[in-house]
>>> print(open('target.cif').read())   # mmCIF, C-alpha atoms
data_final
loop_
_atom_site.label_atom_id
_atom_site.label_comp_id
_atom_site.auth_asym_id
_atom_site.auth_seq_id
_atom_site.Cartn_x
_atom_site.Cartn_y
_atom_site.Cartn_z
CA MET A 1 54.45 -47.71 -22.31
CA ASN A 2 54.83 -45.07 -19.61
CA PHE A 3 52.24 -45.43 -16.96
CA ASP A 4 51.96 -42.84 -14.27
CA LEU A 5 52.30 -45.04 -11.23
CA THR A 6 52.77 -42.36 -8.60
CA GLN A 7 49.20 -42.80 -7.38
CA TYR A 8 49.11 -46.56 -7.73
CA ASN A 9 49.22 -47.88 -4.18
CA LYS A 10 51.41 -50.92 -3.54
CA ILE A 11 49.46 -51.75 -0.39
CA PHE A 12 46.37 -52.38 -2.49
CA GLU A 13 48.18 -54.64 -4.93
CA ASN A 14 47.12 -57.47 -2.66
CA LYS A 15 43.59 -58.48 -3.58
CA VAL A 16 42.43 -59.23 -0.04
CA ARG A 17 43.61 -55.84 1.22
CA LEU A 18 41.83 -54.08 -1.64
CA GLN A 19 38.67 -56.04 -0.86
CA ILE A 20 38.83 -55.29 2.87
CA MET A 21 39.17 -51.60 2.08
CA SER A 22 36.21 -51.76 -0.38
CA VAL A 23 33.99 -53.23 2.32
CA LEU A 24 35.12 -50.62 4.85
CA MET A 25 34.44 -47.84 2.35
CA ALA A 26 30.84 -48.99 1.87
CA ASN A 27 30.23 -49.56 5.59
CA ASP A 28 31.14 -47.42 8.58
CA GLU A 29 32.05 -50.51 10.53
CA TYR A 30 32.53 -54.23 9.89
CA ASP A 31 33.46 -57.08 12.20
CA PHE A 32 36.04 -59.81 11.70
CA ASN A 33 33.63 -62.70 11.19
CA SER A 34 31.42 -60.83 8.73
CA LEU A 35 34.53 -59.86 6.76
CA LYS A 36 35.72 -63.43 6.78
CA SER A 37 32.46 -64.80 5.40
CA ILE A 38 31.99 -62.13 2.73
CA LEU A 39 35.57 -62.35 1.44
CA ASP A 40 35.68 -66.14 1.81
CA VAL A 41 39.26 -66.19 3.18
CA THR A 42 40.99 -68.00 6.04
CA ASP A 43 41.43 -66.50 9.51
CA GLY A 44 45.20 -66.21 9.10
CA ASN A 45 45.09 -64.60 5.68
CA LEU A 46 42.49 -62.06 6.80
CA ALA A 47 44.26 -61.28 10.09
CA SER A 48 47.66 -60.68 8.48
CA ASN A 49 46.22 -58.38 5.82
CA LEU A 50 44.20 -56.48 8.42
CA LYS A 51 47.43 -56.06 10.37
CA THR A 52 49.15 -54.54 7.35
CA LEU A 53 46.31 -52.07 6.82
CA GLU A 54 46.37 -51.22 10.51
CA LYS A 55 50.13 -50.58 10.41
CA GLU A 56 49.64 -48.24 7.45
CA ASN A 57 47.07 -46.43 9.56
CA TYR A 58 44.38 -47.06 6.92
CA ILE A 59 42.02 -48.76 9.38
CA GLU A 60 41.21 -48.57 13.07
CA VAL A 61 40.56 -51.56 15.31
CA PHE A 62 37.97 -51.74 18.08
CA LYS A 63 38.01 -54.72 20.39
CA THR A 64 35.06 -55.63 22.57
CA PHE A 65 33.68 -58.79 24.10
CA VAL A 66 30.26 -60.25 23.33
CA ASP A 67 29.34 -63.11 25.68
CA ARG A 68 33.02 -63.40 26.62
CA LYS A 69 33.95 -64.01 22.98
CA PRO A 70 36.19 -61.41 21.40
CA ASN A 71 34.39 -59.27 18.84
CA THR A 72 36.76 -57.21 16.73
CA ARG A 73 35.41 -54.43 14.56
CA TYR A 74 37.18 -52.34 11.96
CA ARG A 75 36.70 -48.84 10.60
CA ARG A 76 38.45 -46.92 7.84
CA THR A 77 40.53 -43.89 8.81
CA ILE A 78 40.53 -40.62 6.89
CA GLU A 79 43.98 -41.56 5.69
CA GLY A 80 42.71 -44.92 4.44
CA GLU A 81 39.80 -43.27 2.68
CA LYS A 82 42.14 -40.91 0.82
CA ALA A 83 44.53 -43.70 -0.10
CA PHE A 84 41.71 -45.85 -1.48
CA GLU A 85 40.24 -43.00 -3.51
CA GLU A 86 43.63 -42.16 -5.00
CA HIS A 87 44.21 -45.80 -5.82
CA LEU A 88 40.88 -45.94 -7.66
CA LYS A 89 41.82 -42.79 -9.58
CA ALA A 90 45.10 -44.43 -10.55
CA LEU A 91 43.25 -47.52 -11.81
CA GLU A 92 40.91 -45.29 -13.79
CA LYS A 93 43.87 -43.47 -15.35
CA LEU A 94 45.50 -46.76 -16.30
CA ILE A 95 42.37 -47.81 -18.11
CA LYS A 96 42.05 -44.51 -19.93
CA GLN A 97 45.70 -44.63 -21.01
CA GLN A 98 45.24 -48.09 -22.42
CA TYR A 99 42.25 -47.03 -24.45
CA LYS A 100 44.32 -44.38 -26.22
CA MET B 101 60.58 -58.08 -39.72
CA HIS B 102 58.61 -61.12 -38.82
CA ASN B 103 59.92 -60.99 -35.28
CA SER B 104 58.96 -57.40 -34.70
CA PHE B 105 55.49 -58.10 -35.99
CA LEU B 106 55.13 -60.91 -33.47
CA PHE B 107 56.45 -58.63 -30.77
CA ILE B 108 53.82 -56.01 -31.54
CA TYR B 109 51.19 -58.70 -31.57
CA PHE B 110 52.14 -59.93 -28.10
CA GLU B 111 52.51 -56.44 -26.78
CA LYS B 112 48.97 -55.70 -27.92
CA GLN B 113 47.71 -58.96 -26.51
CA SER B 114 49.24 -58.32 -23.10
CA THR B 115 47.90 -54.78 -22.77
CA PHE B 116 44.52 -56.09 -23.78
CA MET B 117 44.67 -58.67 -21.00
CA LYS B 118 45.74 -56.07 -18.51
CA GLN B 119 42.93 -53.78 -19.53
CA GLU B 120 40.44 -56.56 -18.95
CA ASP B 121 41.94 -57.30 -15.52
CA LEU B 122 41.66 -53.68 -14.46
CA VAL B 123 38.03 -53.47 -15.50
CA LYS B 124 37.37 -56.73 -13.69
CA GLU B 125 39.10 -55.42 -10.58
CA ILE B 126 36.95 -52.30 -10.51
CA ALA B 127 33.82 -54.37 -11.12
CA SER B 128 34.72 -56.65 -8.22
CA ILE B 129 35.24 -53.65 -5.93
CA ARG B 130 31.81 -52.33 -6.88
CA ASN B 131 30.21 -55.70 -6.41
CA LEU B 132 31.78 -56.14 -2.99
CA MET B 133 30.75 -52.69 -1.80
CA GLU B 134 27.18 -53.49 -2.83
CA LYS B 135 27.16 -57.00 -1.40
CA SER B 136 28.71 -55.95 1.91
CA SER B 137 26.28 -53.12 2.56
CA LYS B 138 23.03 -54.70 1.36
CA PHE B 139 21.17 -57.62 2.80
CA ILE B 140 20.05 -59.49 -0.30
CA SER B 141 18.74 -62.67 1.25
CA ILE B 142 15.15 -61.48 1.45
CA SER B 143 13.06 -63.96 -0.48
CA GLY B 144 10.53 -62.73 -3.03
CA ILE B 145 8.46 -65.88 -2.61
CA SER B 146 8.15 -65.27 1.13
CA SER B 147 6.72 -61.84 0.33
CA VAL B 148 4.09 -63.46 -1.93
CA LEU B 149 3.19 -65.88 0.89
CA ILE B 150 3.00 -63.07 3.44
CA GLY B 151 0.68 -61.16 1.10
CA THR B 152 -1.52 -64.24 0.82
CA TYR B 153 -1.73 -64.61 4.63
CA ALA B 154 -2.75 -60.95 4.86
CA LEU B 155 -5.48 -61.42 2.24
CA LEU B 156 -6.79 -64.54 4.05
CA GLY B 157 -6.77 -62.63 7.34
CA ALA B 158 -8.57 -59.70 5.76
CA ALA B 159 -11.14 -61.99 4.16
CA TYR B 160 -11.84 -63.62 7.52
CA ALA B 161 -12.15 -60.22 9.21
CA TYR B 162 -14.51 -59.05 6.47
CA TYR B 163 -16.64 -62.16 6.96
CA GLU B 164 -16.76 -61.59 10.73
CA ILE B 165 -17.89 -58.00 10.36
CA TYR B 166 -20.10 -58.01 7.30
CA GLY B 167 -21.41 -61.57 7.45
CA PHE B 168 -21.29 -64.04 4.60
CA ASP B 169 -24.04 -62.87 2.30
CA SER B 170 -24.09 -59.21 3.10
CA GLN B 171 -25.82 -56.59 1.03
CA MET B 172 -23.80 -53.55 0.06
CA GLY B 173 -23.14 -51.44 3.11
CA TYR B 174 -24.93 -53.74 5.51
CA ARG B 175 -22.93 -54.88 8.48
CA ASP B 176 -23.69 -57.79 10.81
CA HIS B 177 -21.40 -56.30 13.43
CA TYR B 178 -19.45 -53.19 14.26
CA VAL B 179 -15.77 -53.13 15.13
CA ASN B 180 -16.47 -51.78 18.62
CA GLU B 181 -18.07 -55.00 19.88
CA PRO B 182 -15.64 -56.68 22.33
CA VAL B 183 -15.99 -60.19 20.82
CA ILE B 184 -15.21 -58.85 17.36
CA ILE B 185 -12.22 -56.90 18.65
CA VAL B 186 -10.72 -60.00 20.27
CA LYS B 187 -11.34 -62.07 17.12
CA LEU B 188 -9.75 -59.41 14.93
CA LEU B 189 -6.78 -59.01 17.26
CA VAL B 190 -6.16 -62.75 17.33
CA THR B 191 -6.39 -62.90 13.52
CA ALA B 192 -3.97 -59.98 13.19
CA MET B 193 -1.50 -61.63 15.59
CA LEU B 194 -1.74 -64.96 13.73
CA VAL B 195 -1.07 -63.22 10.41
CA LEU B 196 1.82 -61.29 11.98
CA PHE B 197 3.51 -64.35 13.50
CA ALA B 198 3.00 -66.51 10.39
CA SER B 199 4.50 -63.68 8.31
CA ILE B 200 7.53 -63.19 10.56
CA PHE B 201 8.13 -66.96 10.68
CA THR B 202 7.86 -67.33 6.89
CA GLY B 203 10.03 -64.29 6.18
CA VAL B 204 12.81 -65.28 8.59
CA TYR B 205 12.75 -68.98 7.68
CA MET B 206 13.00 -68.32 3.94
CA ALA B 207 15.67 -65.65 4.44
CA ILE B 208 17.77 -68.18 6.37
CA LYS B 209 17.35 -70.69 3.54
CA LYS B 210 18.24 -68.13 0.90
CA ALA B 211 21.24 -66.87 2.89
CA LYS B 212 22.54 -70.42 3.05
CA SER B 213 22.34 -70.85 -0.71
CA ASN B 214 23.94 -67.37 -1.19
CA ARG B 215 26.64 -68.40 1.31
CA GLN B 216 25.84 -65.21 3.21
CA SER B 217 25.42 -65.31 6.96
CA ILE B 218 21.97 -64.37 8.17
CA TRP B 219 23.14 -62.46 11.24
CA ASN B 220 25.77 -60.02 9.99
CA THR B 221 26.48 -56.31 10.09
CA THR B 222 24.01 -55.60 7.28
CA SER B 223 21.08 -57.61 8.57
CA ARG B 224 21.61 -56.01 11.99
CA SER B 225 21.57 -52.51 10.47
CA LEU B 226 18.44 -53.43 8.50
CA LEU B 227 16.70 -54.68 11.63
CA TYR B 228 17.66 -51.68 13.77
CA ALA B 229 16.58 -49.25 11.05
CA MET B 230 13.16 -50.90 10.79
CA ALA B 231 12.65 -51.58 14.51
CA VAL B 232 12.10 -47.98 15.62
CA PRO B 233 9.18 -47.13 13.28
CA LEU B 234 7.72 -50.65 13.58
CA CYS B 235 7.64 -50.67 17.38
CA THR B 236 6.34 -47.10 17.49
CA GLY B 237 3.55 -47.98 15.05
CA GLY B 238 2.66 -51.21 16.87
CA LEU B 239 2.43 -49.46 20.24
CA PHE B 240 0.52 -46.56 18.69
CA ALA B 241 -2.05 -49.01 17.30
CA LEU B 242 -2.35 -50.97 20.57
CA ILE B 243 -2.81 -47.79 22.61
CA SER B 244 -5.44 -46.54 20.14
CA ILE B 245 -7.32 -49.83 20.45
CA SER B 246 -7.15 -49.72 24.25
CA LYS B 247 -8.61 -46.19 24.15
CA GLU B 248 -11.40 -47.53 21.90
CA ASN B 249 -10.24 -45.35 19.06
CA TYR B 250 -10.45 -47.68 16.07
CA THR B 251 -10.85 -45.42 13.07
CA ALA B 252 -7.15 -44.82 12.48
CA VAL B 253 -5.74 -48.28 13.30
CA ALA B 254 -5.43 -49.45 9.68
CA SER B 255 -3.82 -46.11 8.72
CA ILE B 256 -1.37 -46.23 11.60
CA LEU B 257 -0.23 -49.76 10.75
CA LEU B 258 0.15 -48.98 7.04
CA ILE B 259 1.94 -45.66 7.57
CA PHE B 260 4.42 -46.90 10.19
CA TYR B 261 5.10 -50.07 8.20
CA GLY B 262 5.78 -47.89 5.14
CA LEU B 263 8.15 -45.72 7.20
CA ALA B 264 9.96 -48.84 8.43
CA LEU B 265 10.41 -50.06 4.84
CA THR B 266 11.76 -46.74 3.57
CA ALA B 267 14.14 -46.60 6.56
CA GLY B 268 15.35 -50.15 5.91
CA SER B 269 15.61 -49.81 2.14
CA ASN B 270 19.18 -48.46 2.34
CA TYR B 271 20.28 -51.87 3.53
CA THR B 272 18.50 -54.06 1.00
CA PHE B 273 16.95 -54.04 -2.50
CA ASN B 274 16.20 -50.53 -3.74
CA GLU B 275 12.68 -51.56 -4.73
CA ILE B 276 11.72 -51.71 -1.05
CA LYS B 277 11.72 -47.91 -0.88
CA GLY B 278 8.96 -47.75 -3.51
CA LEU B 279 6.95 -50.34 -1.61
CA GLY B 280 7.33 -48.27 1.58
CA ILE B 281 6.10 -45.11 -0.10
CA LEU B 282 3.07 -46.90 -1.57
CA GLU B 283 2.20 -48.28 1.90
CA ILE B 284 2.34 -44.75 3.32
CA VAL B 285 0.08 -43.45 0.51
CA LEU B 286 -2.46 -46.22 1.21
CA GLY B 287 -2.30 -45.39 4.93
CA LEU B 288 -3.08 -41.74 4.22
CA LEU B 289 -5.92 -42.72 1.87
CA ALA B 290 -7.35 -44.98 4.60
CA LEU B 291 -7.38 -41.97 6.90
CA LEU B 292 -9.10 -39.92 4.21
CA PHE B 293 -11.84 -42.52 3.69
CA PRO B 294 -12.65 -43.82 7.19
CA GLY B 295 -14.64 -47.03 7.48
CA ASN B 296 -12.81 -48.64 4.57
CA GLY B 297 -9.74 -49.54 6.62
CA ILE B 298 -9.96 -53.23 5.84
CA ILE B 299 -9.87 -52.62 2.07
CA PHE B 300 -6.75 -50.46 2.27
CA TRP B 301 -5.24 -52.90 4.73
CA ALA B 302 -5.82 -55.78 2.29
CA LEU B 303 -4.38 -53.73 -0.59
CA GLY B 304 -1.31 -52.66 1.40
CA PHE B 305 -0.39 -55.82 3.24
CA GLY B 306 -1.86 -58.29 0.74
CA VAL B 307 -1.80 -57.13 -2.86
CA LEU B 308 1.34 -54.94 -2.64
CA HIS B 309 3.36 -57.71 -0.95
CA ILE B 310 2.37 -60.15 -3.67
CA ILE B 311 3.25 -57.73 -6.49
CA TYR B 312 6.59 -56.73 -4.93
CA GLY B 313 7.41 -60.34 -4.13
CA ILE B 314 6.98 -61.24 -7.79
CA ILE B 315 9.12 -58.25 -8.87
CA VAL B 316 11.96 -59.16 -6.49
CA HIS B 317 11.73 -62.82 -7.45
CA LYS B 318 11.86 -62.07 -11.20
CA LYS B 319 14.69 -59.57 -10.86
CA TYR B 320 17.01 -61.18 -8.33
CA GLU B 321 16.25 -64.90 -8.03
#
>>> encode(input="target.cif", output="structure tokens")
Amino acid sequence: MNFDLTQYNKIFENKVRLQIMSVLMANDEYDFNSLKSILDVTDGNLASNLKTLEKENYIEVFKTFVDRKPNTRYRRTIEGEKAFEEHLKALEKLIKQQYK
Amino acid sequence: MHNSFLFIYFEKQSTFMKQEDLVKEIASIRNLMEKSSKFISISGISSVLIGTYALLGAAYAYYEIYGFDSQMGYRDHYVNEPVIIVKLLVTAMLVLFASIFTGVYMAIKKAKSNRQSIWNTTSRSLLYAMAVPLCTGGLFALISISKENYTAVASILLIFYGLALTAGSNYTFNEIKGLGILEIVLGLLALLFPGNGIIFWALGFGVLHIIYGIIVHKKYE
């Protein structure tokens, strides 16, 4: 079978990263703790995957303090938005090809 | 021959599996986008209770104004008597606080069983979206009362509450938008038929809450 994998994004092969990006697509902004509880993952796992997305320039990080506790919020970048949409298109194509 | 047949069989099997995984993946993305942007811990039962409080409050207010065994159209009192105003205000406040307490308490309980946190990005957005019309409406009503302008109070409360619901509906169940619009319609009708404020108030805050509570409960709980 020859799948067209040019659009399939390796970064989103990781489930947590794909989920983070899904949440940030549906919301303009999301904070670390809310992400952690909705994805039901550990601090370390979440932090390392957020770091990867940040390095790819798919998300932006905003750090503030609320009552002296760090409050870190994340937003998608235009680049991240494009990458996610293309990845979804690739998934869609894969499904269509398999139906043939 | 036999081998190649087996090979085709497994090939088919594996693509089938993959297909299912892909569909699942897309479904999980959709689900997460929905779950992360909507606050779904509002309890339908709390809405039924809140509607009941409103009906009890309205019944008490009706009794205060019209008396117990009133003839059609005969009033014992008018709303502009100071004692009546204080009694009605206290009743309204009691209903309001009991409603807020019930709504928040049952949302916390439901959030716990959903394993959703009660104070997150979505509940904050929901609260901020509703706060502006709610506070405006509340102040509008209080100022009207202080200026002894009572005719529009029921309309104001219904209309601004309806606006708050439609504003908040983006962050929770879609049905809330319909409820908001119906509240606004009742508010406008109350303005059109002055003197019947309490009936529209009981319909809007009582009956509609009970009906919508049952719908949400049946559909989501």
>>> resolve_selection(input="target.cif", expression="the PyMOL selection byres ((chain A) within 6 of (chain B))", output="JSON, numbers by chain")
{"A": [22, 23, 26, 34]}
>>> resolve_selection(input="target.cif", expression="the PyMOL selection byres ((chain A and resi 54-69) around 10)", output="number ranges by chain")
A: 11, 20-21, 24, 29, 31, 48-53, 70-84
>>> atom_distance(input="target.cif", atom1="atom CA of Leu263 of chain B", atom2="atom CA of Asn214 of chain B")
28.1 Å
>>> resolve_selection(input="target.cif", expression="the PyMOL selection byres ((chain B and resi 274) around 12)", output="number ranges by chain")
B: 134, 138-140, 265-273, 275-280, 312, 315-316, 319-320
>>> atom_distance(input="target.cif", atom1="atom CA of Val253 of chain B", atom2="atom CA of His309 of chain B")
19.4 Å
>>> closest_residue(input="target.cif", among="B:Val148, B:Ala198, B:Ala159, B:Ala252", to="Ala302 of chain B", atoms="all atoms listed in the file")
B:Ala159
>>> atom_distance(input="target.cif", atom1="atom CA of Asp40 of chain A", atom2="atom CA of Ile218 of chain B")
15.2 Å
>>> decode(input="target.cif", residues="chain A", atoms="C-alpha atoms", output="PDB file, in the first residue's frame")
ATOM      1  CA  MET A   1       0.000   0.000   0.000  1.00  0.00           C
ATOM      2  CA  ASN A   2       1.316   3.450  -0.864  1.00  0.00           C
ATOM      3  CA  PHE A   3       0.166   6.019   1.566  1.00  0.00           C
ATOM      4  CA  ASP A   4       0.899   9.636   0.946  1.00  0.00           C
ATOM      5  CA  LEU A   5       2.673  10.499   4.153  1.00  0.00           C
ATOM      6  CA  THR A   6       4.044  13.892   3.191  1.00  0.00           C
ATOM      7  CA  GLN A   7       1.395  15.645   5.268  1.00  0.00           C
ATOM      8  CA  TYR A   8       1.435  13.201   8.139  1.00  0.00           C
ATOM      9  CA  ASN A   9       3.164  15.028  10.972  1.00  0.00           C
ATOM     10  CA  LYS A  10       5.625  13.022  13.062  1.00  0.00           C
ATOM     11  CA  ILE A  11       5.301  15.482  15.932  1.00  0.00           C
ATOM     12  CA  PHE A  12       1.660  14.509  16.329  1.00  0.00           C
ATOM     13  CA  GLU A  13       2.395  10.797  16.340  1.00  0.00           C
ATOM     14  CA  ASN A  14       2.628  11.140  20.097  1.00  0.00           C
ATOM     15  CA  LYS A  15      -0.869  10.962  21.532  1.00  0.00           C
ATOM     16  CA  VAL A  16      -0.322  13.514  24.298  1.00  0.00           C
ATOM     17  CA  ARG A  17       1.035  16.094  21.850  1.00  0.00           C
ATOM     18  CA  LEU A  18      -1.933  15.555  19.528  1.00  0.00           C
ATOM     19  CA  GLN A  19      -4.291  15.957  22.481  1.00  0.00           C
ATOM     20  CA  ILE A  20      -2.582  19.131  23.719  1.00  0.00           C
ATOM     21  CA  MET A  21      -2.883  20.619  20.251  1.00  0.00           C
ATOM     22  CA  SER A  22      -6.592  19.611  20.045  1.00  0.00           C
ATOM     23  CA  VAL A  23      -7.320  21.446  23.285  1.00  0.00           C
ATOM     24  CA  LEU A  24      -5.396  24.519  22.122  1.00  0.00           C
ATOM     25  CA  MET A  25      -7.285  24.510  18.832  1.00  0.00           C
ATOM     26  CA  ALA A  26     -10.646  24.597  20.622  1.00  0.00           C
ATOM     27  CA  ASN A  27      -9.543  27.219  23.160  1.00  0.00           C
ATOM     28  CA  ASP A  28      -7.577  30.423  22.682  1.00  0.00           C
ATOM     29  CA  GLU A  29      -5.696  29.770  25.871  1.00  0.00           C
ATOM     30  CA  TYR A  30      -5.278  26.944  28.393  1.00  0.00           C
ATOM     31  CA  ASP A  31      -3.235  26.695  31.569  1.00  0.00           C
ATOM     32  CA  PHE A  32      -0.941  23.898  32.712  1.00  0.00           C
ATOM     33  CA  ASN A  33      -3.117  22.568  35.523  1.00  0.00           C
ATOM     34  CA  SER A  34      -6.304  22.529  33.453  1.00  0.00           C
ATOM     35  CA  LEU A  35      -4.429  20.671  30.702  1.00  0.00           C
ATOM     36  CA  LYS A  36      -3.098  18.199  33.218  1.00  0.00           C
ATOM     37  CA  SER A  37      -6.530  17.378  34.625  1.00  0.00           C
ATOM     38  CA  ILE A  38      -8.298  17.117  31.269  1.00  0.00           C
ATOM     39  CA  LEU A  39      -5.625  14.906  29.681  1.00  0.00           C
ATOM     40  CA  ASP A  40      -5.092  12.918  32.879  1.00  0.00           C
ATOM     41  CA  VAL A  41      -1.279  12.783  32.508  1.00  0.00           C
ATOM     42  CA  THR A  42       1.643  13.302  34.884  1.00  0.00           C
ATOM     43  CA  ASP A  43       3.440  16.641  35.301  1.00  0.00           C
ATOM     44  CA  GLY A  44       6.629  15.325  33.698  1.00  0.00           C
ATOM     45  CA  ASN A  45       4.927  13.773  30.701  1.00  0.00           C
ATOM     46  CA  LEU A  46       2.901  16.914  30.032  1.00  0.00           C
ATOM     47  CA  ALA A  47       5.854  19.268  30.527  1.00  0.00           C
ATOM     48  CA  SER A  48       8.169  17.370  28.171  1.00  0.00           C
ATOM     49  CA  ASN A  49       5.554  17.197  25.417  1.00  0.00           C
ATOM     50  CA  LEU A  50       4.735  20.880  25.842  1.00  0.00           C
ATOM     51  CA  LYS A  51       8.447  21.578  25.499  1.00  0.00           C
ATOM     52  CA  THR A  52       8.576  19.686  22.205  1.00  0.00           C
ATOM     53  CA  LEU A  53       5.623  21.638  20.830  1.00  0.00           C
ATOM     54  CA  GLU A  54       7.209  24.869  22.005  1.00  0.00           C
ATOM     55  CA  LYS A  55      10.502  24.004  20.279  1.00  0.00           C
ATOM     56  CA  GLU A  56       8.605  23.332  17.043  1.00  0.00           C
ATOM     57  CA  ASN A  57       7.089  26.776  17.458  1.00  0.00           C
ATOM     58  CA  TYR A  58       3.573  25.276  17.457  1.00  0.00           C
ATOM     59  CA  ILE A  59       2.640  26.841  20.800  1.00  0.00           C
ATOM     60  CA  GLU A  60       3.494  29.952  22.776  1.00  0.00           C
ATOM     61  CA  VAL A  61       4.092  30.049  26.516  1.00  0.00           C
ATOM     62  CA  PHE A  62       2.986  32.819  28.870  1.00  0.00           C
ATOM     63  CA  LYS A  63       4.229  32.762  32.422  1.00  0.00           C
ATOM     64  CA  THR A  64       2.590  34.766  35.180  1.00  0.00           C
ATOM     65  CA  PHE A  65       2.245  34.468  38.920  1.00  0.00           C
ATOM     66  CA  VAL A  66      -1.053  34.101  40.760  1.00  0.00           C
ATOM     67  CA  ASP A  67      -0.661  34.442  44.534  1.00  0.00           C
ATOM     68  CA  ARG A  68       3.077  33.824  44.111  1.00  0.00           C
ATOM     69  CA  LYS A  69       2.375  30.468  42.465  1.00  0.00           C
ATOM     70  CA  PRO A  70       3.516  30.129  38.877  1.00  0.00           C
ATOM     71  CA  ASN A  71       0.640  30.052  36.415  1.00  0.00           C
ATOM     72  CA  THR A  72       1.699  28.958  32.955  1.00  0.00           C
ATOM     73  CA  ARG A  73      -0.651  29.399  30.035  1.00  0.00           C
ATOM     74  CA  TYR A  74      -0.335  28.152  26.488  1.00  0.00           C
ATOM     75  CA  ARG A  75      -1.606  29.353  23.128  1.00  0.00           C
ATOM     76  CA  ARG A  76      -1.367  27.893  19.642  1.00  0.00           C
ATOM     77  CA  THR A  77       0.703  29.756  17.054  1.00  0.00           C
ATOM     78  CA  ILE A  78      -0.367  30.265  13.454  1.00  0.00           C
ATOM     79  CA  GLU A  79       2.280  27.730  12.532  1.00  0.00           C
ATOM     80  CA  GLY A  80       0.841  25.213  14.991  1.00  0.00           C
ATOM     81  CA  GLU A  81      -2.648  25.788  13.672  1.00  0.00           C
ATOM     82  CA  LYS A  82      -1.522  25.069  10.105  1.00  0.00           C
ATOM     83  CA  ALA A  83       0.426  21.989  11.139  1.00  0.00           C
ATOM     84  CA  PHE A  84      -2.556  20.577  13.037  1.00  0.00           C
ATOM     85  CA  GLU A  85      -4.962  21.200  10.165  1.00  0.00           C
ATOM     86  CA  GLU A  86      -2.623  19.532   7.688  1.00  0.00           C
ATOM     87  CA  HIS A  87      -2.198  16.591  10.018  1.00  0.00           C
ATOM     88  CA  LEU A  88      -5.977  16.176  10.225  1.00  0.00           C
ATOM     89  CA  LYS A  89      -6.185  16.321   6.426  1.00  0.00           C
ATOM     90  CA  ALA A  90      -3.548  13.603   6.231  1.00  0.00           C
ATOM     91  CA  LEU A  91      -5.530  11.417   8.651  1.00  0.00           C
ATOM     92  CA  GLU A  92      -8.645  11.995   6.576  1.00  0.00           C
ATOM     93  CA  LYS A  93      -6.796  10.983   3.408  1.00  0.00           C
ATOM     94  CA  LEU A  94      -5.509   7.828   5.059  1.00  0.00           C
ATOM     95  CA  ILE A  95      -9.029   6.837   5.957  1.00  0.00           C
ATOM     96  CA  LYS A  96     -10.346   7.530   2.471  1.00  0.00           C
ATOM     97  CA  GLN A  97      -7.519   5.517   0.896  1.00  0.00           C
ATOM     98  CA  GLN A  98      -8.293   2.566   3.098  1.00  0.00           C
ATOM     99  CA  TYR A  99     -11.939   2.614   2.143  1.00  0.00           C
ATOM    100  CA  LYS A 100     -11.033   2.214  -1.531  1.00  0.00           C
TER     101      LYS A 100
END
